[in-house]
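Have a look at entry_29.pdb; it's PDB, C-alpha atoms:
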```pdb
ATOM      1  CA  MET A   1     -47.015  50.033 -16.929
ATOM      2  CA  GLU A   2     -45.326  53.308 -16.286
ATOM      3  CA  ASN A   3     -43.291  51.852 -13.431
ATOM      4  CA  ARG A   4     -42.227  48.984 -15.552
ATOM      5  CA  ALA A   5     -41.079  51.220 -18.348
ATOM      6  CA  ASP A   6     -38.856  53.218 -15.955
ATOM      7  CA  HIS A   7     -37.301  50.048 -14.695
ATOM      8  CA  LEU A   8     -36.522  48.786 -18.181
ATOM      9  CA  ASP A   9     -35.299  52.151 -19.475
ATOM     10  CA  PRO A  10     -31.894  51.384 -21.005
ATOM     11  CA  THR A  11     -29.934  54.469 -20.165
ATOM     12  CA  THR A  12     -26.220  54.765 -19.622
ATOM     13  CA  GLU A  13     -26.760  56.113 -16.127
ATOM     14  CA  ASN A  14     -28.578  52.953 -15.097
ATOM     15  CA  TYR A  15     -25.852  50.809 -16.671
ATOM     16  CA  GLU A  16     -23.111  52.771 -14.958
ATOM     17  CA  ALA A  17     -24.858  52.516 -11.602
ATOM     18  CA  THR A  18     -25.331  48.772 -12.035
ATOM     19  CA  ILE A  19     -21.703  48.331 -13.119
ATOM     20  CA  ALA A  20     -20.461  50.345 -10.114
ATOM     21  CA  LYS A  21     -22.615  48.285  -7.774
ATOM     22  CA  LEU A  22     -21.358  45.009  -9.294
ATOM     23  CA  GLU A  23     -17.712  46.145  -9.160
ATOM     24  CA  GLN A  24     -18.112  47.057  -5.485
ATOM     25  CA  HIS A  25     -19.701  43.672  -4.778
ATOM     26  CA  ASN A  26     -16.890  41.953  -6.710
ATOM     27  CA  ALA A  27     -14.245  43.837  -4.681
ATOM     28  CA  GLU A  28     -15.935  42.810  -1.415
ATOM     29  CA  LEU A  29     -16.042  39.166  -2.487
ATOM     30  CA  THR A  30     -12.399  39.274  -3.608
ATOM     31  CA  ALA A  31     -11.333  40.743  -0.244
ATOM     32  CA  LYS A  32     -13.344  38.078   1.596
ATOM     33  CA  LEU A  33     -11.796  35.313  -0.546
ATOM     34  CA  ASN A  34      -8.268  36.616   0.148
ATOM     35  CA  TRP A  35      -9.012  36.709   3.891
ATOM     36  CA  TYR A  36     -10.269  33.078   3.847
ATOM     37  CA  GLN A  37      -7.244  31.935   1.836
ATOM     38  CA  GLU A  38      -4.898  33.591   4.345
ATOM     39  CA  GLN A  39      -6.728  31.965   7.261
ATOM     40  CA  PHE A  40      -6.465  28.566   5.563
ATOM     41  CA  ARG A  41      -2.740  29.067   4.880
ATOM     42  CA  LEU A  42      -2.131  30.025   8.536
ATOM     43  CA  ALA A  43      -4.084  26.999   9.763
ATOM     44  CA  GLN A  44      -2.073  24.682   7.487
ATOM     45  CA  GLN A  45       1.182  26.292   8.643
ATOM     46  CA  LYS A  46       0.176  25.811  12.270
ATOM     47  CA  ARG A  47      -0.877  22.216  11.675
ATOM     48  CA  PHE A  48       1.878  20.974   9.371
ATOM     49  CA  GLY A  49       4.604  23.600   9.689
ATOM     50  CA  ALA A  50       7.867  23.407  11.594
ATOM     51  CA  SER A  51       7.396  23.080  15.334
ATOM     52  CA  SER A  52       8.978  25.391  17.846
ATOM     53  CA  GLU A  53      11.140  22.555  19.173
ATOM     54  CA  LYS A  54      13.206  22.422  16.017
ATOM     55  CA  THR A  55      16.360  24.470  15.871
ATOM     56  CA  HIS A  56      16.929  27.087  13.253
ATOM     57  CA  PRO A  57      19.700  26.221  10.733
ATOM     58  CA  ASP A  58      21.711  29.271  11.821
ATOM     59  CA  GLN A  59      21.584  28.102  15.422
ATOM     60  CA  VAL A  60      23.268  24.778  14.594
ATOM     61  CA  GLU A  61      26.514  26.510  13.748
ATOM     62  CA  MET A  62      26.828  27.850  17.289
ATOM     63  CA  ASP A  63      29.100  25.641  19.390
ATOM     64  CA  LEU A  64      27.400  25.825  22.766
ATOM     65  CA  PHE A  65      27.795  22.355  24.178
ATOM     66  CA  ASN A  66      30.893  20.943  22.558
ATOM     67  CA  GLU A  67      33.658  22.611  24.533
ATOM     68  CA  ALA A  68      35.267  19.201  25.064
ATOM     69  CA  GLU A  69      35.566  18.637  21.323
ATOM     70  CA  VAL A  70      37.111  22.071  20.843
ATOM     71  CA  LEU A  71      39.662  21.564  23.644
ATOM     72  CA  VAL A  72      40.766  18.056  22.611
ATOM     73  CA  SER A  73      43.902  17.966  20.543
ATOM     74  CA  PRO A  74      43.228  16.507  17.098
ATOM     75  CA  THR A  75      46.619  14.745  17.008
ATOM     76  CA  SER A  76      45.630  11.983  19.447
ATOM     77  CA  GLU A  77      45.100   8.656  17.737
ATOM     78  CA  GLU A  78      42.114   6.469  18.327
ATOM     79  CA  PRO A  79      42.876   2.989  19.692
ATOM     80  CA  ASP A  80      42.685   0.034  17.352
ATOM     81  CA  LEU A  81      39.505  -1.963  17.629
ATOM     82  CA  GLU A  82      39.710  -5.690  18.166
ATOM     83  CA  THR A  83      37.662  -7.930  15.964
ATOM     84  CA  VAL A  84      36.083 -11.078  17.333
ATOM     85  CA  THR A  85      36.925 -13.983  15.052
ATOM     86  CA  TYR A  86      35.198 -16.841  16.848
ATOM     87  CA  SER A  87      31.571 -17.811  17.113
ATOM     88  CA  ARG A  88      29.910 -19.801  19.824
ATOM     89  CA  LYS A  89      28.002 -22.956  19.043
ATOM     90  CA  LYS A  90      24.671 -23.605  20.608
ATOM     91  CA  THR A  91      24.813 -26.831  22.579
ATOM     92  CA  VAL A  92      22.162 -29.282  21.443
ATOM     93  CA  GLY A  93      20.851 -31.835  23.919
ATOM     94  CA  ALA A  94      22.674 -30.355  26.895
ATOM     95  CA  ARG A  95      19.532 -30.272  29.062
ATOM     96  CA  GLU A  96      18.794 -33.953  28.493
ATOM     97  CA  ALA A  97      22.422 -34.838  29.282
ATOM     98  CA  LYS A  98      22.231 -32.906  32.542
ATOM     99  CA  LEU A  99      18.965 -34.602  33.513
ATOM    100  CA  GLU A 100      20.387 -38.102  33.053
ATOM    101  CA  GLN A 101      22.320 -37.899  36.331
ATOM    102  CA  PHE A 102      19.130 -37.630  38.429
ATOM    103  CA  PRO A 103      16.798 -40.457  39.374
ATOM    104  CA  VAL A 104      13.632 -40.673  37.256
ATOM    105  CA  ASP A 105      10.123 -41.371  38.515
ATOM    106  CA  THR A 106       7.801 -42.308  35.666
ATOM    107  CA  VAL A 107       4.050 -41.699  35.816
ATOM    108  CA  THR A 108       2.154 -43.484  33.041
ATOM    109  CA  TYR A 109      -1.328 -42.378  32.033
ATOM    110  CA  ALA A 110      -3.135 -45.236  30.308
ATOM    111  CA  LEU A 111      -6.778 -45.832  29.499
ATOM    112  CA  PRO A 112      -8.429 -48.728  31.302
ATOM    113  CA  GLU A 113      -9.353 -51.736  29.130
ATOM    114  CA  SER A 114     -13.038 -50.793  29.267
ATOM    115  CA  GLU A 115     -12.363 -47.395  27.604
ATOM    116  CA  GLN A 116     -10.061 -48.710  24.834
ATOM    117  CA  ILE A 117     -12.936 -48.786  22.313
ATOM    118  CA  CYS A 118     -13.149 -46.632  19.159
ATOM    119  CA  GLU A 119     -15.954 -44.062  19.282
ATOM    120  CA  CYS A 120     -16.499 -44.252  15.497
ATOM    121  CA  CYS A 121     -16.664 -47.924  14.710
ATOM    122  CA  GLY A 122     -16.584 -49.630  18.113
ATOM    123  CA  GLY A 123     -13.329 -51.503  17.330
ATOM    124  CA  ALA A 124     -10.530 -52.108  19.824
ATOM    125  CA  LEU A 125      -7.859 -49.406  20.240
ATOM    126  CA  HIS A 126      -4.164 -50.280  20.125
ATOM    127  CA  GLU A 127      -1.166 -48.361  21.482
ATOM    128  CA  MET A 128       0.301 -46.183  18.679
ATOM    129  CA  SER A 129       2.898 -43.984  20.384
ATOM    130  CA  THR A 130       3.914 -42.360  23.647
ATOM    131  CA  GLU A 131       4.060 -38.650  24.413
ATOM    132  CA  THR A 132       6.740 -37.817  26.993
ATOM    133  CA  ARG A 133       7.104 -34.648  29.047
ATOM    134  CA  ASN A 134       9.890 -34.133  31.604
ATOM    135  CA  GLU A 135       9.337 -32.068  34.706
ATOM    136  CA  ILE A 136      12.010 -31.218  37.272
ATOM    137  CA  THR A 137      10.925 -31.572  40.879
ATOM    138  CA  VAL A 138      13.188 -30.023  43.482
ATOM    139  CA  ILE A 139      12.765 -31.333  46.997
ATOM    140  CA  PRO A 140      15.124 -29.790  49.548
ATOM    141  CA  ALA A 141      18.269 -31.939  49.559
ATOM    142  CA  GLN A 142      16.830 -33.962  46.642
ATOM    143  CA  VAL A 143      16.452 -33.391  42.944
ATOM    144  CA  ARG A 144      14.344 -35.823  40.939
ATOM    145  CA  VAL A 145      12.974 -35.974  37.400
ATOM    146  CA  LEU A 146       9.272 -36.721  37.114
ATOM    147  CA  ARG A 147       8.512 -38.133  33.662
ATOM    148  CA  HIS A 148       4.896 -38.010  32.465
ATOM    149  CA  GLU A 149       3.983 -40.485  29.734
ATOM    150  CA  ARG A 150       0.577 -40.436  28.087
ATOM    151  CA  LEU A 151      -0.247 -43.360  25.868
ATOM    152  CA  VAL A 152      -1.851 -42.454  22.562
ATOM    153  CA  TYR A 153      -4.345 -44.940  21.200
ATOM    154  CA  GLY A 154      -5.655 -45.496  17.691
ATOM    155  CA  CYS A 155      -8.092 -47.774  15.933
ATOM    156  CA  ARG A 156      -6.714 -50.179  13.305
ATOM    157  CA  ARG A 157      -9.934 -50.074  11.302
ATOM    158  CA  CYS A 158     -10.360 -46.306  10.896
ATOM    159  CA  GLU A 159      -6.780 -45.188  11.809
ATOM    160  CA  ARG A 160      -7.891 -42.471  14.216
TER     161      ARG A 160
END
```
Could you spell out this file's structure in structure tokens?
Amino acid sequence: MENRADHLDPTTENYEATIAKLEQHNAELTAKLNWYQEQFRLAQQKRFGASSEKTHPDQVEMDLFNEAEVLVSPTSEEPDLETVTYSRKKTVGAREAKLEQFPVDTVTYALPESEQICECCGGALHEMSTETRNEITVIPAQVRVLRHERLVYGCRRCER
């Protein structure tokens, strides 16, 4: 119990020693915090700050590369600019008109009679429309148009 009583003895010397120790610890922690804040600020400056490639604002005022602008007399007038007042129209159907002068070979793709049966209902298919695709074939000393036509079939019962 004697040891415990010494430890709990509330004297001013013990309080002053404890306060001094806590103030020293507080000063160390404050110094460490300031050091970490400075390191963080430097890292942010390095990461997001101005790069070395940018010119300083004072450096912009120096006329290093514009000797031509300095030597040119300011009294010379700039030429008048012409304005374009017309617009060109896009020609519609010009390709088809150019292809009409060549002979046309037509290849027709049709289903045989045995395959003109609807897969859904088994009814007969009828010709609904024609899909046309033009292809230019160039043979030396000849130019011909090869027209591909594919017949599209549909069923009258189910309209497919």
**Report entry** Separation of atom CA of A:Arg95 from atom CA of A:Ile139, in Å and rounded to one decimal
**Finding:** 19.2 Å
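Applied to the shown file, the PyMOL selection byres ((chain A and resi 116) around 12) selects the residues Ala110, Leu111, Pro112, Glu113, Ser114, Glu115, Ile117, Cys118, Glu119, Gly122, Gly123, Ala124, Leu125, His126, Glu127, Leu151, Val152, Tyr153, Gly154 and Cys155 of chain A.
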Requested in this report: Could you give me, as an MDAnalysis selection string, the residues within 10 Å of stretch 103-108 of chain A, counting all atoms listed in the file and dropping anything in the same chain fewer than 4 positions from it?
Outcome: chainID A and resid 99 130 132 134:136 142:151
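Taking atom CA of A:Ala94 as the reference point, atom CA of A:Arg133 is found at 16.3 Å.
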Query raised in the report: Hey, can you check how far atom CA of A:Ala43 sits from atom CA of A:Ala31?
Result: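 Between these atoms lies a distance of 18.5 Å.
Shortest separation to A:Thr137 among A:Thr11, A:Trp35, A:Tyr109, A:Phe102 occurs at residue A:Phe102, atoms counted being only C-alpha atoms.
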